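S.K.: One structure is given below, represented as structure tokens, and several questions about it will come after.
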Amino acid sequence: MGATGIGAPVRRKEDRRFITGKGHYTDDINRPGQSYAWFLRSPHAHAKIRKIDSVAATAMPGVLAVLTGVDLSADKIGNLICGWDDHLQGRLADEDGAAPGNCPGKSEFCR
Amino acid sequence: MSAVALTVNGKAVTGDVDPRTLLVQFLRENLRLTGTHVGCDTSQCGACVVLVNGKAMKACTVFVWQIEGADVLTIEGLADPNGPLHPMQEAFREHHGLQCGYCTPGMILTAVDMVYRKGHDLDDPTIRHELEGNLCRCTGYHNIVKAIAAGAKAMEKGHSKPAA
């Protein structure tokens with residue numbers, strides 16, 4: 001392999017920060033007033049969710065909001081990558097014949 | 001809450017913490033030293049390894065009060081920020097022992113501990129066995145093993161185990 005040019009090993013520009021602990025991963029972000037989202041997923045793959053009762057969770061101290069799939073659609077938040085897929089709502093609506101947005105939702109793993 | 005005092009990267013630090021506070025939480029959240037990572041939360045992955053009194057320790061396995069008064073070294077303190085890299089850091093860069101870098105701080109500090117205990121001439125089986133507590137999910141271990149062997153040799157010049 002040549003010392004320079006095509007085929008030569010290249011020193012990566014990003015390595016220095018990673019080997020000195022200066023990388024900046026999602027969990028390292030700390031902004032003023034930062035809040036945290038936590039995704040509660042169904043323990044059952046492809047189960048139909050008939051109802052979500054979030055009253056007690058919403059009432060807990062420190063909880064800003066509890067958003068269900070229906071809420072995310074209604075608020076037009078759209079898809080959250082690796083968190084939630086808006087299309088699941090429509091899919092269940094098709095299966096159940098219910099109107100999109102009013103359906104109770106469906107759980108899927110790895111969405 | 002309970003008061004803790006220890007030395008981190010050569011500086012005296014104190015904190016008033018919930019007794020359930022893990023060392024890794026104290027480092028990341030109280031001291032904002034985010035180079036120590038939480039990969040699994042279950043003491044399997046080794047991303048949180050730091051040196052406590054010169055020995056590798058998974059910072060998610062220990063409450064900070066348990067190491068009251070200890071001398072802790074994190075990845076941020078391994079080399080002077082304005083000086084040259086530590087030979088083990090240099091070796092990881094030179095041998096492409098990282099890609100995403102998430103496991104790297106724990107890998108490097110585990111490697112330094114390995115050299116302190118096993119010396120500067122480390123063969124592949126030794127390194128691979130010693131790395132059983134550190135998981136890498138993207139680079140693969142081949143280049144990490146090469147980096148540690150080279151870093152161990154490079155540490156012969158002035159980077160032996162500090163006196164206890």
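Ligands are numbered from 1 in the order shown, residues from 1 within each chain, and chains are lettered A, B, ... in the order they appear in the structure tokens.
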Pick out the chain A residues within 12 Å of chain B. Count only C-alpha atoms. Give them as a list of chain:residue names.

M.R.: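 The contacting residues on chain A are A:Pro9, A:Val10, A:Arg11, A:Arg12, A:Lys13, A:Glu14, A:Asp15, A:Arg16, A:Arg17, A:Phe18, A:Ile19, A:Thr20, A:Gly21, A:Lys22, A:Gly23, A:His24, A:Tyr25, A:Thr26, A:Asp27, A:Asp28, A:Ile29, A:Asn30.
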
S.K.: Restricted to N, CA, C and O atoms, what would the selected residues look like written as a short mmCIF file (atom, residue, chain, number, x, y, z; two decimals), in the first residue's frame?

M.R.:
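After the write, result-v7.cif holds the following:
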```
data_model
loop_
_atom_site.label_atom_id
_atom_site.label_comp_id
_atom_site.auth_asym_id
_atom_site.auth_seq_id
_atom_site.Cartn_x
_atom_site.Cartn_y
_atom_site.Cartn_z
N PRO A 9 -3.56 4.34 4.01
CA PRO A 9 -4.41 4.46 5.21
C PRO A 9 -4.54 5.94 5.57
O PRO A 9 -3.57 6.70 5.48
N VAL A 10 -5.73 6.32 5.98
CA VAL A 10 -5.99 7.72 6.30
C VAL A 10 -6.31 7.83 7.78
O VAL A 10 -7.11 7.06 8.31
N ARG A 11 -5.70 8.77 8.44
CA ARG A 11 -6.00 8.99 9.85
C ARG A 11 -7.35 9.69 9.96
O ARG A 11 -7.58 10.72 9.30
N ARG A 12 -8.25 9.16 10.76
CA ARG A 12 -9.60 9.73 10.85
C ARG A 12 -9.59 11.02 11.66
O ARG A 12 -8.94 11.12 12.69
N LYS A 13 -10.34 11.98 11.16
CA LYS A 13 -10.39 13.29 11.83
C LYS A 13 -11.15 13.22 13.15
O LYS A 13 -10.92 14.01 14.05
N GLU A 14 -12.11 12.28 13.26
CA GLU A 14 -12.98 12.25 14.43
C GLU A 14 -12.40 11.49 15.62
O GLU A 14 -12.95 11.53 16.70
N ASP A 15 -11.29 10.78 15.39
CA ASP A 15 -10.82 9.88 16.46
C ASP A 15 -10.36 10.59 17.72
O ASP A 15 -10.56 10.09 18.82
N ARG A 16 -9.75 11.76 17.56
CA ARG A 16 -9.16 12.41 18.73
C ARG A 16 -10.21 12.65 19.82
O ARG A 16 -9.98 12.39 21.00
N ARG A 17 -11.37 13.11 19.42
CA ARG A 17 -12.37 13.39 20.46
C ARG A 17 -12.89 12.11 21.11
O ARG A 17 -13.21 12.10 22.29
N PHE A 18 -12.93 11.04 20.34
CA PHE A 18 -13.43 9.78 20.91
C PHE A 18 -12.43 9.17 21.88
O PHE A 18 -12.81 8.58 22.90
N ILE A 19 -11.14 9.27 21.59
CA ILE A 19 -10.14 8.63 22.47
C ILE A 19 -9.79 9.50 23.66
O ILE A 19 -9.10 9.06 24.57
N THR A 20 -10.27 10.74 23.67
CA THR A 20 -10.01 11.61 24.83
C THR A 20 -11.28 11.86 25.64
O THR A 20 -11.27 12.67 26.57
N GLY A 21 -12.37 11.19 25.29
CA GLY A 21 -13.61 11.33 26.07
C GLY A 21 -14.39 12.58 25.74
O GLY A 21 -15.24 13.01 26.52
N LYS A 22 -14.10 13.18 24.56
CA LYS A 22 -14.80 14.41 24.20
C LYS A 22 -15.88 14.19 23.14
O LYS A 22 -16.37 15.15 22.54
N GLY A 23 -16.21 12.94 22.89
CA GLY A 23 -17.32 12.66 21.97
C GLY A 23 -18.60 13.25 22.54
O GLY A 23 -18.69 13.53 23.74
N HIS A 24 -19.59 13.46 21.69
CA HIS A 24 -20.83 14.07 22.17
C HIS A 24 -22.00 13.22 21.69
O HIS A 24 -22.52 13.41 20.60
N TYR A 25 -22.37 12.26 22.50
CA TYR A 25 -23.46 11.35 22.16
C TYR A 25 -24.78 11.90 22.71
O TYR A 25 -24.77 12.81 23.55
N THR A 26 -25.88 11.33 22.25
CA THR A 26 -27.20 11.85 22.64
C THR A 26 -27.32 11.96 24.16
O THR A 26 -27.84 12.95 24.68
N ASP A 27 -26.84 10.94 24.85
CA ASP A 27 -26.98 10.92 26.31
C ASP A 27 -26.09 11.96 27.00
O ASP A 27 -26.24 12.21 28.20
N ASP A 28 -25.17 12.57 26.25
CA ASP A 28 -24.27 13.57 26.83
C ASP A 28 -24.84 14.98 26.74
O ASP A 28 -24.28 15.91 27.30
N ILE A 29 -25.93 15.13 25.99
CA ILE A 29 -26.50 16.47 25.79
C ILE A 29 -27.16 16.94 27.07
O ILE A 29 -27.92 16.20 27.70
N ASN A 30 -26.88 18.15 27.47
CA ASN A 30 -27.43 18.71 28.70
C ASN A 30 -27.71 20.20 28.49
O ASN A 30 -26.81 21.03 28.60
#
```

S.K.: Could you list, as a ChimeraX atom specification, every residue within 10 Å of Thr42 in chain B, counting only C-alpha atoms and ignoring same-chain residues fewer than 5 positions away?

M.R.: /B:58,60-61

S.K.: So that I have them on file, write out the residues from the current selection with C-alpha atoms, as a compact mmCIF listing (two decimals), in the first residue's frame.

M.R.:
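Output contents, as saved in part-v1.txt:
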```txt
# COMPACT_ATOMS: atom_id res chain seq x y z
CA LYS B 58 -16.97 -0.65 36.11
CA CYS B 60 -21.89 1.37 37.12
CA THR B 61 -21.22 -1.36 39.70
```

S.K.: Compare B:Ala149, B:Ala111, B:Val17, B:Ala47 by their minimum atom-to-atom distance to Leu135 in chain B, counting only C-alpha atoms, and give me the closest one.

M.R.: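 Nearest to Leu135 in chain B: B:Ala47.
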
S.K.: In range 9-159 of chain B, what's strand (DSSP E or B) per DSSP? Answer as a ChimeraX atom specification?

M.R.: /B:11-17,22,49-52,55-58,63,71-73

S.K.: Excluding Val66 in chain A and residues on its chain fewer than 3 positions from it, collect all residues at most 8 Å away from it, counting only C-alpha atoms, and give them as a PDB file with all heavy atoms, in the first residue's frame.

M.R.:
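Contents of the output file part01.pdb:
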```
ATOM      1  N   SER A  54     -53.922   7.068  30.966  1.00  0.00           N
ATOM      2  CA  SER A  54     -52.708   7.756  31.389  1.00  0.00           C
ATOM      3  C   SER A  54     -52.960   8.772  32.506  1.00  0.00           C
ATOM      4  O   SER A  54     -52.097   9.588  32.810  1.00  0.00           O
ATOM      5  CB  SER A  54     -52.059   8.455  30.181  1.00  0.00           C
ATOM      6  OG  SER A  54     -52.983   9.322  29.567  1.00  0.00           O
ATOM      7  N   ALA A  57     -50.477   8.425  35.471  1.00  0.00           N
ATOM      8  CA  ALA A  57     -49.119   8.790  35.047  1.00  0.00           C
ATOM      9  C   ALA A  57     -49.002  10.297  34.871  1.00  0.00           C
ATOM     10  O   ALA A  57     -48.003  10.911  35.283  1.00  0.00           O
ATOM     11  CB  ALA A  57     -48.769   8.084  33.742  1.00  0.00           C
ATOM     12  N   THR A  58     -50.002  10.902  34.275  1.00  0.00           N
ATOM     13  CA  THR A  58     -49.984  12.353  34.050  1.00  0.00           C
ATOM     14  C   THR A  58     -49.956  13.110  35.380  1.00  0.00           C
ATOM     15  O   THR A  58     -49.365  14.184  35.479  1.00  0.00           O
ATOM     16  CB  THR A  58     -51.217  12.778  33.234  1.00  0.00           C
ATOM     17  OG1 THR A  58     -51.276  11.966  32.055  1.00  0.00           O
ATOM     18  CG2 THR A  58     -51.143  14.241  32.824  1.00  0.00           C
ATOM     19  N   VAL A  63     -44.069  14.999  35.882  1.00  0.00           N
ATOM     20  CA  VAL A  63     -44.475  14.567  34.543  1.00  0.00           C
ATOM     21  C   VAL A  63     -45.074  15.752  33.785  1.00  0.00           C
ATOM     22  O   VAL A  63     -46.026  16.373  34.242  1.00  0.00           O
ATOM     23  CB  VAL A  63     -45.501  13.407  34.609  1.00  0.00           C
ATOM     24  CG1 VAL A  63     -46.034  13.072  33.219  1.00  0.00           C
ATOM     25  CG2 VAL A  63     -44.857  12.181  35.231  1.00  0.00           C
TER      26      VAL A  63
END
```

S.K.: Write down as a list of chain:residue names the residues belonging to range 23-64 of chain A that are assigned alpha helix (DSSP H) by DSSP computed on the backbone.

M.R.: A:Val55, A:Ala56, A:Ala57, A:Thr58, A:Ala59

S.K.: Write the residues of the selection above to a file with all heavy atoms, as a PDB file, in the first residue's frame.

M.R.:
```
ATOM      1  N   VAL A  55     -54.126   8.695  33.128  1.00  0.00           N
ATOM      2  CA  VAL A  55     -54.487   9.694  34.147  1.00  0.00           C
ATOM      3  C   VAL A  55     -53.506   9.673  35.324  1.00  0.00           C
ATOM      4  O   VAL A  55     -52.956  10.708  35.716  1.00  0.00           O
ATOM      5  CB  VAL A  55     -55.939   9.463  34.655  1.00  0.00           C
ATOM      6  CG1 VAL A  55     -56.235  10.398  35.831  1.00  0.00           C
ATOM      7  CG2 VAL A  55     -56.923   9.705  33.527  1.00  0.00           C
ATOM      8  N   ALA A  56     -53.242   8.471  35.848  1.00  0.00           N
ATOM      9  CA  ALA A  56     -52.362   8.381  37.019  1.00  0.00           C
ATOM     10  C   ALA A  56     -50.949   8.814  36.659  1.00  0.00           C
ATOM     11  O   ALA A  56     -50.282   9.519  37.431  1.00  0.00           O
ATOM     12  CB  ALA A  56     -52.370   6.956  37.558  1.00  0.00           C
ATOM     13  N   ALA A  57     -50.477   8.425  35.471  1.00  0.00           N
ATOM     14  CA  ALA A  57     -49.119   8.790  35.047  1.00  0.00           C
ATOM     15  C   ALA A  57     -49.002  10.297  34.871  1.00  0.00           C
ATOM     16  O   ALA A  57     -48.003  10.911  35.283  1.00  0.00           O
ATOM     17  CB  ALA A  57     -48.769   8.084  33.742  1.00  0.00           C
ATOM     18  N   THR A  58     -50.002  10.902  34.275  1.00  0.00           N
ATOM     19  CA  THR A  58     -49.984  12.353  34.050  1.00  0.00           C
ATOM     20  C   THR A  58     -49.956  13.110  35.380  1.00  0.00           C
ATOM     21  O   THR A  58     -49.365  14.184  35.479  1.00  0.00           O
ATOM     22  CB  THR A  58     -51.217  12.778  33.234  1.00  0.00           C
ATOM     23  OG1 THR A  58     -51.276  11.966  32.055  1.00  0.00           O
ATOM     24  CG2 THR A  58     -51.143  14.241  32.824  1.00  0.00           C
ATOM     25  N   ALA A  59     -50.607  12.534  36.392  1.00  0.00           N
ATOM     26  CA  ALA A  59     -50.719  13.219  37.686  1.00  0.00           C
ATOM     27  C   ALA A  59     -49.443  13.117  38.518  1.00  0.00           C
ATOM     28  O   ALA A  59     -49.298  13.807  39.524  1.00  0.00           O
ATOM     29  CB  ALA A  59     -51.897  12.637  38.468  1.00  0.00           C
TER      30      ALA A  59
END
```

S.K.: Excluding Thr68 in chain A and its own-chain neighbours fewer than 4 positions away, which residues fall within 9 Å of it when counting only C-alpha atoms? Please give them as a list in words.

M.R.: Ile52, Ser54, Leu72, Ser73 and Gly105 of chain A

S.K.: Give me a file of those residues, with all heavy atoms, as a tab-separated table (two decimals), in the first residue's frame.

M.R.:
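again-v1.tsv, written as the output of this step:
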```tsv
chain	number	residue	atom	x	y	z
A	52	ILE	N	-55.70	3.20	26.55
A	52	ILE	CA	-54.56	3.64	27.36
A	52	ILE	C	-55.07	4.62	28.39
A	52	ILE	O	-55.62	5.66	28.04
A	52	ILE	CB	-53.47	4.31	26.49
A	52	ILE	CG1	-52.88	3.30	25.49
A	52	ILE	CG2	-52.36	4.89	27.37
A	52	ILE	CD1	-51.90	3.90	24.50
A	54	SER	N	-53.92	7.07	30.97
A	54	SER	CA	-52.71	7.76	31.39
A	54	SER	C	-52.96	8.77	32.51
A	54	SER	O	-52.10	9.59	32.81
A	54	SER	CB	-52.06	8.46	30.18
A	54	SER	OG	-52.98	9.32	29.57
A	72	LEU	N	-50.08	12.00	19.34
A	72	LEU	CA	-49.02	12.38	18.41
A	72	LEU	C	-49.59	12.67	17.03
A	72	LEU	O	-49.15	13.60	16.35
A	72	LEU	CB	-47.96	11.27	18.32
A	72	LEU	CG	-47.08	11.08	19.56
A	72	LEU	CD1	-46.14	9.90	19.36
A	72	LEU	CD2	-46.27	12.33	19.87
A	73	SER	N	-50.57	11.88	16.62
A	73	SER	CA	-51.22	12.13	15.33
A	73	SER	C	-51.99	13.43	15.36
A	73	SER	O	-51.88	14.26	14.45
A	73	SER	CB	-52.18	10.99	15.00
A	73	SER	OG	-51.47	9.84	14.69
A	105	GLY	N	-55.02	2.07	18.38
A	105	GLY	CA	-53.58	1.84	18.17
A	105	GLY	C	-53.20	0.38	18.17
A	105	GLY	O	-53.99	-0.49	18.54
```

S.K.: Using only C-alpha atoms, determine which residues lie at most 12 Å from Met57 in chain B, disregarding the query and same-chain residues fewer than 6 positions distant; provide the list as an mmCIF file with N, CA and C atoms, in the first residue's frame.

M.R.:
```cif
data_model
loop_
_atom_site.group_PDB
_atom_site.id
_atom_site.type_symbol
_atom_site.label_atom_id
_atom_site.label_comp_id
_atom_site.auth_asym_id
_atom_site.auth_seq_id
_atom_site.Cartn_x
_atom_site.Cartn_y
_atom_site.Cartn_z
ATOM 1 N N LEU B 23 -21.178 5.582 40.873
ATOM 2 C CA LEU B 23 -19.999 6.357 40.492
ATOM 3 C C LEU B 23 -20.176 6.944 39.091
ATOM 4 N N VAL B 24 -20.713 6.139 38.171
ATOM 5 C CA VAL B 24 -20.853 6.636 36.799
ATOM 6 C C VAL B 24 -21.822 7.820 36.724
ATOM 7 N N THR B 36 -17.089 8.938 30.228
ATOM 8 C CA THR B 36 -17.416 7.634 30.809
ATOM 9 C C THR B 36 -18.848 7.313 30.419
ATOM 10 N N SER B 43 -23.599 -3.862 33.985
ATOM 11 C CA SER B 43 -22.222 -4.301 34.262
ATOM 12 C C SER B 43 -21.680 -5.352 33.302
ATOM 13 N N GLN B 44 -22.184 -5.353 32.091
ATOM 14 C CA GLN B 44 -21.681 -6.323 31.125
ATOM 15 C C GLN B 44 -20.763 -5.711 30.076
ATOM 16 N N CYS B 45 -21.017 -4.442 29.699
ATOM 17 C CA CYS B 45 -20.398 -3.934 28.470
ATOM 18 C C CYS B 45 -19.046 -3.251 28.666
ATOM 19 N N GLY B 46 -18.785 -2.740 29.854
ATOM 20 C CA GLY B 46 -17.470 -2.135 30.099
ATOM 21 C C GLY B 46 -17.283 -0.725 29.562
ATOM 22 N N ALA B 47 -18.337 -0.103 29.031
ATOM 23 C CA ALA B 47 -18.202 1.269 28.515
ATOM 24 C C ALA B 47 -17.947 2.270 29.639
ATOM 25 N N CYS B 48 -18.228 1.855 30.882
ATOM 26 C CA CYS B 48 -18.096 2.773 32.019
ATOM 27 C C CYS B 48 -16.813 2.551 32.818
ATOM 28 N N VAL B 49 -15.880 1.768 32.277
ATOM 29 C CA VAL B 49 -14.670 1.460 33.055
ATOM 30 C C VAL B 49 -13.836 2.713 33.326
ATOM 31 N N VAL B 50 -13.471 2.884 34.592
ATOM 32 C CA VAL B 50 -12.533 3.934 35.001
ATOM 33 C C VAL B 50 -11.476 3.267 35.883
ATOM 34 N N LEU B 51 -10.420 3.972 36.185
ATOM 35 C CA LEU B 51 -9.433 3.428 37.116
ATOM 36 C C LEU B 51 -9.687 4.003 38.502
ATOM 37 N N PHE B 63 -21.416 2.258 44.171
ATOM 38 C CA PHE B 63 -21.953 3.525 44.657
ATOM 39 C C PHE B 63 -20.778 4.462 44.929
ATOM 40 N N ILE B 67 -16.476 4.389 47.441
ATOM 41 C CA ILE B 67 -15.069 4.651 47.133
ATOM 42 C C ILE B 67 -14.641 6.010 47.690
ATOM 43 N N ASP B 71 -8.865 7.636 44.477
ATOM 44 C CA ASP B 71 -8.271 8.386 43.379
ATOM 45 C C ASP B 71 -8.835 7.788 42.084
ATOM 46 N N VAL B 72 -9.648 8.570 41.377
ATOM 47 C CA VAL B 72 -10.327 8.074 40.171
ATOM 48 C C VAL B 72 -9.701 8.702 38.932
ATOM 49 N N LEU B 73 -9.451 7.862 37.945
ATOM 50 C CA LEU B 73 -8.959 8.378 36.663
ATOM 51 C C LEU B 73 -9.963 8.027 35.570
ATOM 52 N N THR B 74 -10.464 9.038 34.874
ATOM 53 C CA THR B 74 -11.370 8.794 33.747
ATOM 54 C C THR B 74 -10.613 9.065 32.452
ATOM 55 N N GLY B 106 -13.764 2.976 27.781
ATOM 56 C CA GLY B 106 -13.676 1.790 28.634
ATOM 57 C C GLY B 106 -12.620 0.819 28.135
ATOM 58 N N MET B 107 -12.517 0.689 26.818
ATOM 59 C CA MET B 107 -11.501 -0.193 26.233
ATOM 60 C C MET B 107 -10.099 0.299 26.600
ATOM 61 N N LEU B 109 -9.089 2.312 29.065
ATOM 62 C CA LEU B 109 -8.740 2.218 30.487
ATOM 63 C C LEU B 109 -8.589 0.765 30.923
ATOM 64 N N THR B 110 -9.369 -0.134 30.341
ATOM 65 C CA THR B 110 -9.182 -1.567 30.607
ATOM 66 C C THR B 110 -7.796 -2.005 30.122
ATOM 67 N N VAL B 112 -5.120 -0.125 29.802
ATOM 68 C CA VAL B 112 -4.082 0.437 30.680
ATOM 69 C C VAL B 112 -3.951 -0.424 31.945
ATOM 70 N N ASP B 113 -5.087 -0.815 32.497
ATOM 71 C CA ASP B 113 -5.093 -1.685 33.681
ATOM 72 C C ASP B 113 -4.417 -3.033 33.362
ATOM 73 N N MET B 114 -4.700 -3.521 32.146
ATOM 74 C CA MET B 114 -4.127 -4.793 31.698
ATOM 75 C C MET B 114 -2.596 -4.717 31.693
ATOM 76 N N GLY B 133 -14.736 -8.482 29.578
ATOM 77 C CA GLY B 133 -15.706 -7.581 30.200
ATOM 78 C C GLY B 133 -15.963 -6.308 29.426
ATOM 79 N N ASN B 134 -15.486 -6.246 28.188
ATOM 80 C CA ASN B 134 -15.690 -5.050 27.368
ATOM 81 C C ASN B 134 -16.279 -5.440 26.021
#
```

S.K.: Considering only C-alpha atoms, return as a PyMOL selection string whatever protein or nucleic-acid residues lie within 10 Å of Ser160 in chain B, sequence-local ones (same chain, fewer than 5 positions apart) excluded.

M.R.: chain B and resi 112+115-117+119-120+152+155

S.K.: Print the selection's residues with N, CA, C and O atoms to a file, as a compact mmCIF listing (two decimals), in the first residue's frame.

M.R.:
```txt
# COMPACT_ATOMS: atom_id res chain seq x y z
N VAL B 112 -5.12 -0.13 29.80
CA VAL B 112 -4.08 0.44 30.68
C VAL B 112 -3.95 -0.42 31.95
O VAL B 112 -2.84 -0.77 32.38
N VAL B 115 -2.08 -3.60 31.20
CA VAL B 115 -0.63 -3.41 31.15
C VAL B 115 -0.06 -3.33 32.57
O VAL B 115 0.98 -3.92 32.87
N TYR B 116 -0.76 -2.63 33.45
CA TYR B 116 -0.30 -2.52 34.84
C TYR B 116 -0.18 -3.91 35.48
O TYR B 116 0.74 -4.17 36.25
N ARG B 117 -1.12 -4.80 35.15
CA ARG B 117 -1.13 -6.12 35.79
C ARG B 117 -0.30 -7.17 35.06
O ARG B 117 0.26 -8.07 35.67
N GLY B 119 1.97 -6.50 32.29
CA GLY B 119 3.22 -6.10 31.65
C GLY B 119 3.04 -5.60 30.23
O GLY B 119 1.92 -5.44 29.74
N HIS B 120 4.17 -5.38 29.58
CA HIS B 120 4.15 -4.69 28.29
C HIS B 120 4.16 -5.64 27.10
O HIS B 120 4.01 -5.21 25.96
N ALA B 152 0.62 -1.35 24.67
CA ALA B 152 1.32 -1.93 25.82
C ALA B 152 2.83 -1.77 25.65
O ALA B 152 3.54 -1.40 26.59
N MET B 155 3.90 1.81 26.06
CA MET B 155 3.83 2.28 27.46
C MET B 155 5.11 1.98 28.25
O MET B 155 5.27 2.44 29.38
```

S.K.: By how many Å are CA of Ile148 in chain B and CA of Pro84 in chain B apart?

M.R.: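 Between these atoms lies a distance of 17.9 Å.
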
S.K.: Just to confirm, what's the straight-line distance from CA of Asp124 in chain B to CA of Lys157 in chain B in Å (one decimal)?

M.R.: 21.4 Å
